[in-house]
$ cat input.txt   # compact mmCIF, C-alpha atoms and all ligand atoms
# COMPACT_ATOMS: atom_id res chain seq x y z
CA MET A 6 -12.07 -52.20 18.37
CA TYR A 7 -14.77 -50.08 20.01
CA GLU A 8 -18.47 -50.82 19.62
CA ASN A 9 -19.84 -47.44 20.59
CA LEU A 10 -16.95 -45.12 19.74
CA LEU A 11 -14.94 -44.14 16.70
CA PHE A 12 -11.29 -43.37 17.34
CA GLU A 13 -8.83 -41.88 14.91
CA LYS A 14 -5.53 -40.00 15.00
CA ARG A 15 -4.74 -37.10 12.70
CA GLY A 16 -1.13 -36.13 13.32
CA ASN A 17 -0.81 -35.41 17.02
CA VAL A 18 -4.55 -34.99 17.55
CA ALA A 19 -6.94 -37.80 18.53
CA LEU A 20 -10.61 -37.66 17.61
CA VAL A 21 -13.08 -39.65 19.72
CA THR A 22 -16.63 -39.80 18.34
CA ILE A 23 -19.43 -41.23 20.45
CA ASN A 24 -21.21 -43.39 17.94
CA ARG A 25 -24.78 -44.37 18.85
CA PRO A 26 -26.57 -41.81 16.67
CA GLU A 27 -29.83 -43.79 16.64
CA LYS A 28 -30.01 -43.24 20.42
CA LEU A 29 -28.64 -39.68 20.18
CA ASN A 30 -25.31 -41.02 21.51
CA ALA A 31 -26.81 -41.69 24.95
CA LEU A 32 -24.19 -43.00 27.37
CA ASN A 33 -25.05 -46.57 28.25
CA ASP A 34 -22.78 -48.51 30.59
CA ALA A 35 -20.86 -50.08 27.70
CA THR A 36 -20.06 -46.63 26.27
CA ILE A 37 -18.84 -45.34 29.63
CA THR A 38 -16.56 -48.40 29.89
CA GLU A 39 -15.24 -47.73 26.38
CA LEU A 40 -14.60 -44.07 27.22
CA GLU A 41 -12.45 -45.22 30.13
CA LYS A 42 -10.54 -47.49 27.75
CA VAL A 43 -10.04 -44.94 24.98
CA PHE A 44 -8.82 -42.23 27.34
CA THR A 45 -6.36 -44.69 28.89
CA GLU A 46 -5.09 -45.31 25.35
CA ILE A 47 -4.87 -41.56 24.68
CA LYS A 48 -2.98 -40.96 27.93
CA THR A 49 -0.34 -43.55 27.20
CA ASP A 50 0.11 -42.77 23.48
CA ASP A 51 3.06 -40.36 23.30
CA GLU A 52 2.11 -39.31 19.77
CA ILE A 53 -1.17 -37.81 20.98
CA TYR A 54 -0.86 -34.27 22.30
CA VAL A 55 -4.49 -33.13 22.23
CA ALA A 56 -7.84 -34.95 22.07
CA ILE A 57 -11.18 -33.87 20.64
CA ILE A 58 -14.46 -35.51 21.60
CA THR A 59 -17.65 -35.18 19.59
CA GLY A 60 -20.88 -37.01 18.77
CA ALA A 61 -21.86 -38.92 15.63
CA GLY A 62 -24.74 -37.73 13.47
CA GLU A 63 -26.44 -34.42 12.92
CA LYS A 64 -28.46 -34.14 16.08
CA ALA A 65 -26.56 -34.91 19.23
CA PHE A 66 -23.27 -34.65 21.04
CA VAL A 67 -24.67 -36.87 23.82
CA ALA A 68 -28.34 -36.77 24.90
CA GLY A 69 -27.51 -38.00 28.40
CA ALA A 70 -27.18 -41.22 30.29
CA ASP A 71 -29.15 -44.07 28.76
CA ILE A 72 -32.67 -43.66 30.19
CA LYS A 73 -33.59 -47.27 29.34
CA GLU A 74 -30.77 -48.49 31.60
CA LEU A 75 -31.54 -45.84 34.23
CA ASN A 76 -35.12 -47.03 34.42
CA GLN A 77 -33.95 -50.39 35.80
CA MET A 78 -31.74 -48.96 38.57
CA ASN A 79 -32.18 -49.21 42.29
CA VAL A 80 -30.56 -47.25 45.14
CA VAL A 81 -27.41 -49.36 45.14
CA SER A 82 -26.88 -49.69 41.39
CA GLY A 83 -27.77 -46.01 40.93
CA GLU A 84 -25.01 -44.90 43.28
CA ALA A 85 -22.56 -47.30 41.63
CA MET A 86 -23.47 -45.95 38.19
CA SER A 87 -22.88 -42.38 39.36
CA VAL A 88 -19.52 -43.26 40.94
CA LYS A 89 -18.38 -45.05 37.77
CA GLY A 90 -19.36 -42.13 35.50
CA GLN A 91 -17.74 -39.61 37.85
CA LYS A 92 -14.54 -41.66 37.80
CA VAL A 93 -14.38 -41.77 34.00
CA PHE A 94 -15.12 -38.05 33.67
CA ASP A 95 -12.48 -37.27 36.32
CA GLN A 96 -10.08 -39.39 34.28
CA ILE A 97 -10.77 -37.15 31.25
CA GLU A 98 -10.31 -33.98 33.28
CA ASN A 99 -7.09 -35.32 34.78
CA LEU A 100 -5.76 -36.78 31.52
CA GLY A 101 -2.72 -34.50 31.61
CA LYS A 102 -3.30 -33.53 27.96
CA PRO A 103 -5.84 -30.98 26.71
CA VAL A 104 -9.26 -32.32 25.72
CA ILE A 105 -11.61 -30.25 23.57
CA ALA A 106 -15.35 -30.96 23.42
CA ALA A 107 -16.73 -30.21 19.95
CA VAL A 108 -20.42 -30.03 20.86
CA ASN A 109 -22.33 -30.72 17.65
CA GLY A 110 -25.91 -30.92 18.99
CA TYR A 111 -27.75 -31.89 22.18
CA ALA A 112 -25.45 -32.04 25.20
CA LEU A 113 -27.93 -32.96 27.89
CA GLY A 114 -27.45 -34.55 31.29
CA GLY A 115 -24.37 -36.78 31.02
CA GLY A 116 -23.62 -35.04 27.69
CA CYS A 117 -23.38 -31.63 29.32
CA GLU A 118 -21.35 -33.24 32.12
CA LEU A 119 -19.00 -34.85 29.60
CA ALA A 120 -18.48 -31.52 27.84
CA MET A 121 -17.77 -29.86 31.19
CA ALA A 122 -15.18 -32.53 32.09
CA CYS A 123 -13.27 -31.45 28.96
CA HIS A 124 -10.92 -28.50 29.24
CA ILE A 125 -12.25 -26.41 26.37
CA ARG A 126 -15.70 -26.42 24.77
CA VAL A 127 -16.54 -25.26 21.27
CA ALA A 128 -20.06 -25.61 19.92
CA SER A 129 -22.11 -25.66 16.76
CA ALA A 130 -24.84 -23.02 16.50
CA LYS A 131 -27.26 -25.99 16.78
CA ALA A 132 -25.91 -27.14 20.16
CA LYS A 133 -28.22 -27.27 23.15
CA PHE A 134 -26.92 -27.82 26.65
CA GLY A 135 -28.82 -28.65 29.82
CA GLN A 136 -29.17 -30.72 32.95
CA PRO A 137 -32.74 -32.04 32.55
CA GLU A 138 -32.41 -34.78 35.20
CA VAL A 139 -35.01 -33.13 37.44
CA ASN A 140 -37.59 -33.99 34.75
CA LEU A 141 -36.80 -37.67 35.41
CA GLY A 142 -36.87 -37.34 39.20
CA ILE A 143 -33.09 -37.43 39.63
CA ILE A 144 -30.18 -35.01 39.92
CA PRO A 145 -27.06 -34.81 37.72
CA GLY A 146 -24.83 -37.74 38.71
CA TYR A 147 -21.68 -37.43 36.60
CA GLY A 148 -20.22 -34.35 38.30
CA GLY A 149 -22.71 -31.84 36.88
CA THR A 150 -23.76 -30.30 40.19
CA GLN A 151 -20.12 -29.53 40.92
CA ARG A 152 -18.75 -28.58 37.50
CA LEU A 153 -21.65 -26.39 36.31
CA ALA A 154 -21.63 -24.41 39.57
CA ARG A 155 -17.87 -23.86 39.20
CA LEU A 156 -17.88 -23.05 35.49
CA ILE A 157 -20.64 -20.46 35.53
CA ASN A 158 -22.39 -18.30 38.10
CA PRO A 159 -23.65 -20.72 40.83
CA GLY A 160 -27.10 -19.11 41.03
CA ARG A 161 -27.56 -19.56 37.30
CA ALA A 162 -26.23 -23.13 37.51
CA LEU A 163 -28.78 -23.91 40.19
CA GLU A 164 -31.58 -22.42 38.08
CA TYR A 165 -30.65 -24.67 35.13
CA ILE A 166 -30.42 -27.73 37.39
CA LEU A 167 -33.71 -26.99 39.18
CA THR A 168 -35.71 -26.19 36.03
CA GLY A 169 -34.03 -28.56 33.55
CA ASP A 170 -34.20 -25.72 31.00
CA MET A 171 -32.09 -26.05 27.88
CA ILE A 172 -29.31 -23.56 27.08
CA ASP A 173 -28.92 -22.70 23.40
CA ALA A 174 -25.53 -22.01 21.84
CA THR A 175 -25.85 -18.20 22.03
CA GLU A 176 -26.70 -18.34 25.73
CA ALA A 177 -23.93 -20.91 26.34
CA LEU A 178 -21.46 -18.42 24.84
CA GLN A 179 -22.84 -15.55 26.93
CA ILE A 180 -22.52 -17.46 30.21
CA GLY A 181 -19.05 -18.77 29.41
CA LEU A 182 -20.05 -22.41 29.06
CA VAL A 183 -18.44 -22.51 25.60
CA ASN A 184 -15.51 -20.58 24.15
CA HIS A 185 -16.73 -20.30 20.56
CA VAL A 186 -19.83 -21.01 18.46
CA TYR A 187 -19.45 -22.01 14.82
CA GLU A 188 -21.70 -22.95 11.93
CA PRO A 189 -22.40 -26.72 12.17
CA GLU A 190 -20.40 -27.56 9.03
CA GLU A 191 -17.34 -25.68 10.35
CA LEU A 192 -17.25 -27.20 13.82
CA THR A 193 -14.90 -30.13 13.27
CA ASP A 194 -12.40 -28.07 11.24
CA LYS A 195 -12.42 -25.31 13.85
CA ALA A 196 -11.90 -27.84 16.66
CA PHE A 197 -8.94 -29.32 14.75
CA GLU A 198 -7.56 -25.84 14.08
CA LEU A 199 -7.55 -25.14 17.80
CA ALA A 200 -6.17 -28.58 18.67
CA ASN A 201 -3.38 -28.27 16.08
CA LYS A 202 -2.45 -24.82 17.35
CA ILE A 203 -2.04 -26.24 20.88
CA ALA A 204 -0.22 -29.29 19.49
CA SER A 205 2.30 -26.99 17.75
CA LYS A 206 3.55 -25.61 21.09
CA GLY A 207 6.05 -27.24 23.42
CA GLN A 208 4.03 -29.95 25.13
CA ILE A 209 5.91 -29.69 28.44
CA ALA A 210 4.70 -26.09 28.74
CA VAL A 211 1.18 -27.06 27.59
CA ARG A 212 0.93 -29.82 30.19
CA MET A 213 2.40 -27.75 33.03
CA ALA A 214 -0.03 -24.91 32.19
CA LEU A 215 -2.95 -27.34 32.17
CA LYS A 216 -1.93 -28.82 35.52
CA THR A 217 -1.49 -25.40 37.11
CA VAL A 218 -4.79 -23.98 35.88
CA LEU A 219 -6.71 -27.14 36.89
CA ALA A 220 -5.21 -26.85 40.37
CA THR A 221 -7.31 -23.71 40.93
CA LYS A 222 -10.27 -26.05 41.50
CA GLU A 223 -8.75 -27.65 44.57
CA THR A 224 -6.16 -25.24 46.01
CA SER A 225 -5.85 -21.80 47.56
CA GLN A 226 -4.21 -18.94 45.63
CA SER A 227 -1.01 -19.27 47.69
CA GLU A 228 -0.76 -23.06 47.22
CA GLY A 229 -1.56 -22.63 43.54
CA GLN A 230 1.22 -20.09 43.15
CA LYS A 231 3.68 -22.46 44.85
CA LEU A 232 2.75 -25.09 42.26
CA GLU A 233 3.05 -22.47 39.51
CA ALA A 234 6.57 -21.54 40.63
CA ALA A 235 7.64 -25.20 40.84
CA LEU A 236 6.27 -26.02 37.39
CA PHE A 237 7.69 -22.79 35.96
CA GLY A 238 11.02 -24.17 37.16
CA VAL A 239 10.32 -27.51 35.44
CA CYS A 240 9.72 -25.64 32.17
CA ILE A 241 12.94 -23.62 32.57
CA GLY A 242 14.81 -26.90 32.98
CA SER A 243 13.52 -28.25 29.65
CA GLU A 244 15.26 -28.34 26.28
CA ASP A 245 12.10 -26.80 24.82
CA PHE A 246 12.69 -23.67 26.88
CA LYS A 247 16.22 -23.29 25.48
CA GLU A 248 14.85 -23.90 21.97
CA GLY A 249 11.91 -21.48 22.39
CA THR A 250 14.02 -18.63 23.71
CA SER A 251 16.90 -19.26 21.25
CA ALA A 252 14.46 -19.36 18.31
CA PHE A 253 13.01 -16.02 19.41
CA LEU A 254 16.46 -14.43 19.63
CA GLU A 255 17.51 -15.95 16.28
CA LYS A 256 14.22 -14.80 14.67
CA ARG A 257 13.19 -18.30 13.58
CA LYS A 258 10.36 -20.73 14.35
CA PRO A 259 11.02 -23.00 17.33
CA GLU A 260 11.26 -26.75 16.85
CA PHE A 261 10.01 -28.23 20.08
CA LYS A 262 11.01 -31.79 20.98
CA ASN A 263 8.92 -32.03 24.14
CA LYS A 264 12.02 -32.71 26.19
N1 LIG B 301 -31.33 -42.38 26.74
C1 LIG B 301 -31.78 -43.37 25.95
N2 LIG B 301 -32.33 -43.13 24.74
C2 LIG B 301 -32.38 -41.87 24.32
C3 LIG B 301 -31.94 -40.78 25.09
C4 LIG B 301 -31.38 -41.08 26.37
N3 LIG B 301 -30.89 -40.14 27.15
N4 LIG B 301 -32.16 -39.63 24.42
C5 LIG B 301 -32.73 -39.99 23.25
N5 LIG B 301 -32.87 -41.33 23.20
C6 LIG B 301 -33.44 -42.14 22.11
C7 LIG B 301 -34.96 -42.01 22.03
O1 LIG B 301 -35.58 -42.88 22.96
C8 LIG B 301 -35.22 -42.39 20.60
O2 LIG B 301 -35.11 -43.79 20.49
P1 LIG B 301 -36.22 -44.64 19.63
O3 LIG B 301 -36.07 -44.11 18.24
O4 LIG B 301 -35.79 -46.06 19.80
O5 LIG B 301 -37.54 -44.29 20.24
C9 LIG B 301 -34.01 -41.80 19.86
O6 LIG B 301 -32.99 -41.63 20.85
C10 LIG B 301 -34.28 -40.45 19.25
O7 LIG B 301 -34.76 -39.57 20.26
P2 LIG B 301 -36.12 -38.72 20.16
O8 LIG B 301 -36.58 -38.40 21.55
O9 LIG B 301 -37.10 -39.40 19.27
O10 LIG B 301 -35.58 -37.40 19.43
P3 LIG B 301 -36.23 -35.93 19.47
O11 LIG B 301 -35.52 -35.16 18.42
O12 LIG B 301 -37.70 -36.01 19.42
O13 LIG B 301 -35.84 -35.33 20.92
C11 LIG B 301 -34.35 -34.87 22.76
C12 LIG B 301 -34.50 -35.08 21.24
C13 LIG B 301 -32.86 -34.78 23.08
C14 LIG B 301 -35.06 -33.57 23.19
C15 LIG B 301 -34.99 -36.06 23.50
O14 LIG B 301 -34.49 -37.27 22.94
C16 LIG B 301 -34.72 -36.11 24.97
O15 LIG B 301 -35.31 -35.33 25.72
N6 LIG B 301 -33.81 -37.03 25.44
C17 LIG B 301 -33.54 -37.24 26.81
C18 LIG B 301 -32.68 -36.15 27.38
C19 LIG B 301 -32.44 -36.37 28.85
O16 LIG B 301 -33.33 -36.32 29.67
N7 LIG B 301 -31.18 -36.61 29.20
C20 LIG B 301 -30.77 -36.78 30.55
C21 LIG B 301 -30.73 -38.21 30.92
S1 LIG B 301 -30.14 -38.39 32.60
$ encode --input "input.txt" --output "structure tokens"
Amino acid sequence: MYENLLFEKRGNVALVTINRPEKLNALNDATITELEKVFTEIKTDDEIYVAIITGAGEKAFVAGADIKELNQMNVVSGEAMSVKGQKVFDQIENLGKPVIAAVNGYALGGGCELAMACHIRVASAKAKFGQPEVNLGIIPGYGGTQRLARLINPGRALEYILTGDMIDATEALQIGLVNHVYEPEELTDKAFELANKIASKGQIAVRMALKTVLATKETSQSEGQKLEAALFGVCIGSEDFKEGTSAFLEKRKPEFKNK
């Protein structure tokens, strides 16, 4: 169904694998279009609670936008390409369900930007992040200037963007770009472990928490707290809340129905 992606469901978790290993999973236009399609499918599939995105092969998560395509761009098509990529990555960030990036190798340029559009990043010890666009005479164009400077210290973000230097997995952990680093062979299992743990909770609470935390990017503390109170109320009105609190009092495991 997809030419450049693999898509599978394991229980309530979806796994999207960018599948152009011979080009280090570089994001050509067709792959960006397919990402838009697959995340629309994930959004509307009620059986999917959490998504994981990773790269095919041993070497790369995504080694960036496709430089062969970039080479042919002009001012107009370049801007359009950036807007399209930004839109798809915003779609991932605003999916309404948690998305985990399992970064299995190079996450450069658009690859680093894709990982940053996900809500949680876990990495293999072999992973290497970076925004090397300056080496090509361009700047990050899929949200990287904004997301990197918000995720980590802005001065450090600027240094990475201005030098194009790569960030190894140990450094990525130190600066908070990733939550965990695992041995390469463990990465997928660990990503599924995390995804399944989140999928085992009441999904109304998971989604309200996601929405509230993401709102910190755009709102003031006081507006954010208003949203928090409103969505806290939404959770209290759910059957899952009754089930969660009753299960605690009855000393049993809750059975959430996401209602
Ligand atoms: N776009 C298009 N093709 C890419 C690519 C990209 N971003 N990154 C790698 N490839 C292709 C290479 O051209 C090569 O194709 P070929 O076998 O047809 O020549 C293949 O993937 C393997 O890459 P190669 O460079 O031979 O692997 P390597 O192990 O020597 O180096 C990297 C790995 C990641 C350091 C190197 O590929 C690289 O610097 N890639 C570009 C990273 C980048 O600048 N990204 C930002 C783009 S905006």
$ residues_near_ligand --input "input.txt" --ligand "ligand LIG 301 (chain B)" --cutoff "8 Å" --atoms "only C-alpha atoms and all ligand atoms" --output "ChimeraX atom specification"
/A:26-33,64-65,67-75,111,113-116,136-138,140-141,143,145
$ residues_around --input "input.txt" --residues "range 183-188 of chain A" --least-positions-apart "6" --cutoff "8 Å" --atoms "only C-alpha atoms" --output "list in words"
Ile125, Arg126, Val127, Ala128, Ser129, Ala130, Lys131, Ala174, Thr175, Ala177 and Lys195 of chain A
$ closest_residue --input "input.txt" --among "A:Lys202, A:Lys264, A:Lys102, A:Arg25" --to "Leu215 in chain A" --atoms "all atoms listed in the file"
A:Lys102
$ atom_distance --input "input.txt" --atom1 "CA of Val93 in chain A" --atom2 "CA of Asp34 in chain A"
11.3 Å
$ closest_residue --input "input.txt" --among "A:Gly160, A:Gly135, A:Gly142, A:Gly207" --to "Glu176 in chain A" --atoms "all atoms listed in the file"
A:Gly135
$ atom_distance --input "input.txt" --atom1 "CA of Val108 in chain A" --atom2 "CA of Ala61 in chain A"
10.4 Å
$ atom_distance --input "input.txt" --atom1 "CA of Leu20 in chain A" --atom2 "CA of Thr59 in chain A"
7.7 Å
